[in-house]
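Visitor: For reference, the file target.pdb (PDB, C-alpha atoms and all ligand atoms) is included below:
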```pdb
ATOM      1  CA  MET X 171      -8.528  40.789 -19.804  1.00  0.00           C
ATOM      2  CA  ARG X 172      -5.688  38.371 -20.368  1.00  0.00           C
ATOM      3  CA  PHE X 173      -6.197  34.823 -21.531  1.00  0.00           C
ATOM      4  CA  LEU X 174      -2.551  33.886 -21.818  1.00  0.00           C
ATOM      5  CA  PRO X 175      -1.676  31.135 -19.387  1.00  0.00           C
ATOM      6  CA  ARG X 176       0.952  32.413 -17.025  1.00  0.00           C
ATOM      7  CA  ILE X 177       3.095  29.363 -16.936  1.00  0.00           C
ATOM      8  CA  LEU X 178       6.854  29.489 -16.656  1.00  0.00           C
ATOM      9  CA  THR X 179       9.320  26.725 -17.119  1.00  0.00           C
ATOM     10  CA  ALA X 180      12.891  26.338 -15.965  1.00  0.00           C
ATOM     11  CA  ALA X 181      15.209  23.775 -17.461  1.00  0.00           C
ATOM     12  CA  MET X 182      17.897  22.849 -14.997  1.00  0.00           C
ATOM     13  CA  LEU X 183      20.449  20.231 -14.213  1.00  0.00           C
ATOM     14  CA  PHE X 184      20.009  18.070 -11.173  1.00  0.00           C
ATOM     15  CA  ILE X 185      23.368  16.629 -10.169  1.00  0.00           C
ATOM     16  CA  ALA X 186      23.706  13.245  -8.514  1.00  0.00           C
ATOM     17  CA  ALA X 187      25.603  14.615  -5.537  1.00  0.00           C
ATOM     18  CA  PRO X 188      24.213  16.488  -2.537  1.00  0.00           C
ATOM     19  CA  ALA X 189      27.082  18.967  -2.365  1.00  0.00           C
ATOM     20  CA  PHE X 190      26.360  20.455  -5.747  1.00  0.00           C
ATOM     21  CA  ALA X 191      25.230  24.064  -5.662  1.00  0.00           C
ATOM     22  CA  GLY X 192      23.707  25.273  -8.891  1.00  0.00           C
ATOM     23  CA  ASP X 193      21.264  28.114  -8.744  1.00  0.00           C
ATOM     24  CA  TYR X 194      18.624  29.264 -11.189  1.00  0.00           C
ATOM     25  CA  THR X 195      16.209  32.146 -11.282  1.00  0.00           C
ATOM     26  CA  LEU X 196      12.808  32.331 -12.869  1.00  0.00           C
ATOM     27  CA  GLY X 197      11.110  35.663 -12.426  1.00  0.00           C
ATOM     28  CA  LYS X 198      10.901  36.197  -8.664  1.00  0.00           C
ATOM     29  CA  LEU X 199      11.590  32.548  -7.992  1.00  0.00           C
ATOM     30  CA  GLU X 200      15.038  31.452  -6.978  1.00  0.00           C
ATOM     31  CA  ILE X 201      15.696  27.775  -7.478  1.00  0.00           C
ATOM     32  CA  ASP X 202      18.668  26.530  -5.522  1.00  0.00           C
ATOM     33  CA  GLN X 203      20.779  23.396  -5.409  1.00  0.00           C
ATOM     34  CA  PRO X 204      18.871  20.872  -7.492  1.00  0.00           C
ATOM     35  CA  TRP X 205      20.230  17.409  -6.756  1.00  0.00           C
ATOM     36  CA  THR X 206      19.382  13.775  -6.959  1.00  0.00           C
ATOM     37  CA  ARG X 207      20.915  10.499  -5.827  1.00  0.00           C
ATOM     38  CA  ALA X 208      22.923   8.025  -7.838  1.00  0.00           C
ATOM     39  CA  THR X 209      20.922   4.818  -8.307  1.00  0.00           C
ATOM     40  CA  PRO X 210      22.035   1.190  -8.309  1.00  0.00           C
ATOM     41  CA  PRO X 211      21.619  -0.795 -11.534  1.00  0.00           C
ATOM     42  CA  GLY X 212      18.020  -1.871 -12.027  1.00  0.00           C
ATOM     43  CA  ALA X 213      16.581   0.830  -9.798  1.00  0.00           C
ATOM     44  CA  LYS X 214      13.270   2.055 -11.114  1.00  0.00           C
ATOM     45  CA  ALA X 215      12.901   5.301  -9.214  1.00  0.00           C
ATOM     46  CA  ALA X 216      14.869   8.179  -7.748  1.00  0.00           C
ATOM     47  CA  GLY X 217      14.047  11.324  -5.830  1.00  0.00           C
ATOM     48  CA  GLY X 218      14.895  14.859  -6.905  1.00  0.00           C
ATOM     49  CA  PHE X 219      15.459  17.634  -4.397  1.00  0.00           C
ATOM     50  CA  VAL X 220      15.618  21.405  -4.698  1.00  0.00           C
ATOM     51  CA  THR X 221      14.988  24.585  -2.730  1.00  0.00           C
ATOM     52  CA  ILE X 222      12.526  27.109  -4.142  1.00  0.00           C
ATOM     53  CA  VAL X 223      12.475  30.663  -2.767  1.00  0.00           C
ATOM     54  CA  ASN X 224       9.509  32.834  -3.727  1.00  0.00           C
ATOM     55  CA  GLY X 225      10.768  36.411  -3.439  1.00  0.00           C
ATOM     56  CA  GLY X 226       7.634  37.788  -5.051  1.00  0.00           C
ATOM     57  CA  GLU X 227       4.362  39.037  -3.654  1.00  0.00           C
ATOM     58  CA  GLU X 228       2.226  36.463  -5.385  1.00  0.00           C
ATOM     59  CA  ASP X 229       1.706  32.826  -4.459  1.00  0.00           C
ATOM     60  CA  ASP X 230       2.980  30.345  -6.982  1.00  0.00           C
ATOM     61  CA  ARG X 231       2.914  26.600  -7.452  1.00  0.00           C
ATOM     62  CA  LEU X 232       5.245  23.992  -8.850  1.00  0.00           C
ATOM     63  CA  VAL X 233       2.827  22.181 -11.144  1.00  0.00           C
ATOM     64  CA  SER X 234       4.970  19.590 -12.868  1.00  0.00           C
ATOM     65  CA  ALA X 235       8.407  18.251 -13.640  1.00  0.00           C
ATOM     66  CA  GLU X 236       9.692  16.533 -16.752  1.00  0.00           C
ATOM     67  CA  ALA X 237      12.822  14.501 -17.400  1.00  0.00           C
ATOM     68  CA  ALA X 238      13.752  12.560 -20.521  1.00  0.00           C
ATOM     69  CA  PHE X 239      15.618   9.888 -18.527  1.00  0.00           C
ATOM     70  CA  ALA X 240      12.474   8.907 -16.628  1.00  0.00           C
ATOM     71  CA  GLY X 241       9.344   7.353 -18.089  1.00  0.00           C
ATOM     72  CA  ARG X 242       7.214   9.315 -15.654  1.00  0.00           C
ATOM     73  CA  VAL X 243       7.836  12.170 -13.247  1.00  0.00           C
ATOM     74  CA  GLU X 244       5.538  13.023 -10.358  1.00  0.00           C
ATOM     75  CA  LEU X 245       5.538  15.416  -7.444  1.00  0.00           C
ATOM     76  CA  HIS X 246       5.412  13.556  -4.141  1.00  0.00           C
ATOM     77  CA  THR X 247       5.416  14.059  -0.433  1.00  0.00           C
ATOM     78  CA  MET X 248       6.203  11.643   2.365  1.00  0.00           C
ATOM     79  CA  ASP X 249       3.875  11.161   5.301  1.00  0.00           C
ATOM     80  CA  MET X 250       4.108   9.094   8.422  1.00  0.00           C
ATOM     81  CA  THR X 251       1.143   6.694   8.389  1.00  0.00           C
ATOM     82  CA  ASP X 252       0.855   4.245  11.294  1.00  0.00           C
ATOM     83  CA  GLY X 253       4.560   4.577  11.937  1.00  0.00           C
ATOM     84  CA  VAL X 254       5.471   3.914   8.306  1.00  0.00           C
ATOM     85  CA  MET X 255       6.807   6.522   5.892  1.00  0.00           C
ATOM     86  CA  LYS X 256       4.642   6.515   2.805  1.00  0.00           C
ATOM     87  CA  MET X 257       4.904   8.475  -0.407  1.00  0.00           C
ATOM     88  CA  ARG X 258       1.891  10.317  -1.670  1.00  0.00           C
ATOM     89  CA  HIS X 259       1.378  11.707  -5.172  1.00  0.00           C
ATOM     90  CA  LEU X 260       0.500  15.413  -5.271  1.00  0.00           C
ATOM     91  CA  PRO X 261      -1.544  15.845  -8.465  1.00  0.00           C
ATOM     92  CA  GLU X 262      -2.235  19.484  -7.592  1.00  0.00           C
ATOM     93  CA  GLY X 263       1.456  20.255  -7.392  1.00  0.00           C
ATOM     94  CA  ILE X 264       3.409  21.933  -4.616  1.00  0.00           C
ATOM     95  CA  PRO X 265       2.389  25.411  -3.391  1.00  0.00           C
ATOM     96  CA  VAL X 266       5.146  28.019  -3.187  1.00  0.00           C
ATOM     97  CA  PRO X 267       3.560  30.859  -1.153  1.00  0.00           C
ATOM     98  CA  ALA X 268       4.706  34.450  -1.596  1.00  0.00           C
ATOM     99  CA  GLY X 269       7.757  35.288   0.489  1.00  0.00           C
ATOM    100  CA  GLU X 270       8.350  31.695   1.524  1.00  0.00           C
ATOM    101  CA  THR X 271      10.947  29.035   0.943  1.00  0.00           C
ATOM    102  CA  VAL X 272       9.886  25.512   0.048  1.00  0.00           C
ATOM    103  CA  ASN X 273      12.379  22.726   0.507  1.00  0.00           C
ATOM    104  CA  LEU X 274      12.142  19.549  -1.480  1.00  0.00           C
ATOM    105  CA  ALA X 275      14.318  17.295   0.644  1.00  0.00           C
ATOM    106  CA  PRO X 276      14.694  13.633   1.607  1.00  0.00           C
ATOM    107  CA  GLY X 277      11.875  12.542   3.909  1.00  0.00           C
ATOM    108  CA  GLY X 278       9.446  15.174   2.632  1.00  0.00           C
ATOM    109  CA  LEU X 279       8.455  16.853  -0.594  1.00  0.00           C
ATOM    110  CA  HIS X 280      10.313  15.582  -3.645  1.00  0.00           C
ATOM    111  CA  VAL X 281      10.314  15.135  -7.385  1.00  0.00           C
ATOM    112  CA  MET X 282       9.855  11.436  -8.159  1.00  0.00           C
ATOM    113  CA  PHE X 283      11.623  10.120 -11.221  1.00  0.00           C
ATOM    114  CA  MET X 284       9.915   6.846 -12.141  1.00  0.00           C
ATOM    115  CA  ASP X 285      10.503   4.146 -14.739  1.00  0.00           C
ATOM    116  CA  LEU X 286      14.154   5.134 -15.034  1.00  0.00           C
ATOM    117  CA  GLN X 287      15.548   4.383 -18.461  1.00  0.00           C
ATOM    118  CA  GLU X 288      19.064   3.972 -17.082  1.00  0.00           C
ATOM    119  CA  PRO X 289      20.798   4.304 -13.714  1.00  0.00           C
ATOM    120  CA  ILE X 290      21.785   7.768 -12.516  1.00  0.00           C
ATOM    121  CA  ALA X 291      25.563   7.821 -12.123  1.00  0.00           C
ATOM    122  CA  GLU X 292      27.359   9.580  -9.277  1.00  0.00           C
ATOM    123  CA  GLY X 293      28.170  13.135 -10.292  1.00  0.00           C
ATOM    124  CA  ALA X 294      26.106  12.928 -13.464  1.00  0.00           C
ATOM    125  CA  PRO X 295      24.057  15.957 -14.463  1.00  0.00           C
ATOM    126  CA  VAL X 296      20.465  15.060 -15.278  1.00  0.00           C
ATOM    127  CA  PRO X 297      18.336  17.604 -17.144  1.00  0.00           C
ATOM    128  CA  VAL X 298      14.985  18.307 -15.529  1.00  0.00           C
ATOM    129  CA  THR X 299      12.343  20.860 -16.455  1.00  0.00           C
ATOM    130  CA  LEU X 300      10.249  22.385 -13.701  1.00  0.00           C
ATOM    131  CA  THR X 301       7.021  24.163 -14.585  1.00  0.00           C
ATOM    132  CA  PHE X 302       5.445  26.771 -12.331  1.00  0.00           C
ATOM    133  CA  GLU X 303       1.911  28.084 -12.470  1.00  0.00           C
ATOM    134  CA  LYS X 304       2.746  31.773 -12.452  1.00  0.00           C
ATOM    135  CA  GLY X 305       5.522  33.982 -13.523  1.00  0.00           C
ATOM    136  CA  ARG X 306       5.866  37.553 -12.573  1.00  0.00           C
ATOM    137  CA  HIS X 307       6.301  38.981 -16.031  1.00  0.00           C
ATOM    138  CA  ASP X 308       4.094  41.612 -17.505  1.00  0.00           C
ATOM    139  CA  ARG X 309       4.435  40.368 -21.045  1.00  0.00           C
ATOM    140  CA  GLY X 310       3.889  36.832 -22.276  1.00  0.00           C
ATOM    141  CA  GLY X 311       6.815  37.300 -24.634  1.00  0.00           C
ATOM    142  CA  ASP X 312       9.179  37.237 -21.708  1.00  0.00           C
ATOM    143  CA  VAL X 313       8.446  33.638 -20.942  1.00  0.00           C
ATOM    144  CA  GLY X 314      10.561  31.987 -23.614  1.00  0.00           C
ATOM    145  CA  ARG X 315      13.460  34.333 -23.110  1.00  0.00           C
ATOM    146  CA  GLN X 316      13.379  33.871 -19.373  1.00  0.00           C
ATOM    147  CA  ALA X 317      13.292  30.110 -19.639  1.00  0.00           C
ATOM    148  CA  ARG X 318      16.198  30.105 -22.064  1.00  0.00           C
ATOM    149  CA  ARG X 319      18.209  32.391 -19.874  1.00  0.00           C
ATOM    150  CA  THR X 320      17.963  29.897 -17.031  1.00  0.00           C
ATOM    151  CA  CYS X 321      19.305  27.053 -19.142  1.00  0.00           C
ATOM    152  CA  PRO X 322      22.945  26.357 -18.443  1.00  0.00           C
TER
HETATM  153 CU    CU X 401       8.192   9.607  -4.237  1.00  0.00          CU
END
```
What's the structure tokens form of this structure?
Ligand SMILES: [Cu+2]

Guide:
Amino acid sequence: MRFLPRILTAAMLFIAAPAFAGDYTLGKLEIDQPWTRATPPGAKAAGGFVTIVNGGEEDDRLVSAEAAFAGRVELHTMDMTDGVMKMRHLPEGIPVPAGETVNLAPGGLHVMFMDLQEPIAEGAPVPVTLTFEKGRHDRGGDVGRQARRTCP
């Protein structure tokens, strides 16, 4: 029986430009085109967007995101409520089912950077760490190596 938590983390750069294409892999997960938007001075929040492809045979889940430039980072979705788009916090994270692609994109699922310490400049790379519930490694020792390998 294994008691090791099977949590994997990918450190990546979100770039404040939608055209940026930077791809990362984490086990059977492929993490494509992380990007965010430049913010005006004084802005307190920004959205982060990314495409996650689960090429494995096991369901996974994006459980959290961290970023040093934000006081708080949450996982959100947007819903239409009475004709108004509203953001909703997803404390359980975002499921990434086996064999499926999950898009975090404007108007839907997103990473919410809150309490921004400084504005995000156009073209600026912002380091963000995404943590997933499961990896697909047989040995716990692979986790650190894998995470480092995905760092640019
Ligand atoms: Cu939000």

Visitor: Identify which of the residues X:Leu232, X:Ile201, X:Leu196, X:Ala216 lies closest to Ile264 (chain X), counting all atoms listed in the file when measuring atom-to-atom distances.

Guide: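 For Ile264 (chain X), the nearest of the candidates is X:Leu232.
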
Visitor: Could you write out as a list in words the residues that the PyMOL selection byres (((chain X and resi 281) around 10) and not hetatm) matches in the shown file?

Guide: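 Output of the PyMOL selection byres (((chain X and resi 281) around 10) and not hetatm): Thr206, Ala216, Gly217, Gly218, Phe219, Val220, Ser234, Ala235, Glu236, Val243, Glu244, Leu245, His246, Thr247, His259, Leu274, Ala275, Leu279, His280, Met282, Phe283, Met284, Val298 and Leu300 of chain X.
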
Visitor: Out of X:Ala294, X:Ala237, X:Leu178, X:Met255, which residue has the shortest atom-to-atom distance to ligand CU 401 (chain X) when counting all atoms listed in the file?

Guide: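 When distances to ligand CU 401 (chain X) are compared using all atoms listed in the file, the smallest one comes from X:Met255.
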
Visitor: How far is it from CA of Ala208 (chain X) to CA of Asp285 (chain X), in Å with one decimal?

Guide: 14.7 Å

Visitor: Out of X:Thr299, X:Thr209, X:Gln287, X:Thr195, which residue has the shortest atom-to-atom distance to Gly241 (chain X) when counting all atoms listed in the file?

Guide: X:Gln287

Visitor: Nearest to Ile290 (chain X) among X:Leu260, X:Val223, X:Leu199, X:Ala240, with distances taken over all atoms listed in the file: which residue is it?

Guide: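 Of X:Leu260, X:Val223, X:Leu199, X:Ala240, the one nearest Ile290 (chain X), counting all atoms listed in the file, is X:Ala240.
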
Visitor: Can you measure CA of Ala291 (chain X) to CA of Gly277 (chain X) for me? One decimal in Å is fine.

Guide: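 That distance, rounded to one decimal, is 21.6 Å.
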
Visitor: Would you mind telling me which residue in X:Ile185, X:Thr179, X:Pro261, X:Ile222 lies nearest to Pro297 (chain X) when using all atoms listed in the file?

Guide: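 Selected residue with least distance to Pro297 (chain X): X:Ile185.
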
Visitor: Between CA of Gly278 (chain X) and CA of Pro210 (chain X), what is the distance in Å, rounded to a tenth?

Guide: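 So the two atoms, CA of Gly278 (chain X) and CA of Pro210 (chain X), lie 21.8 Å apart.
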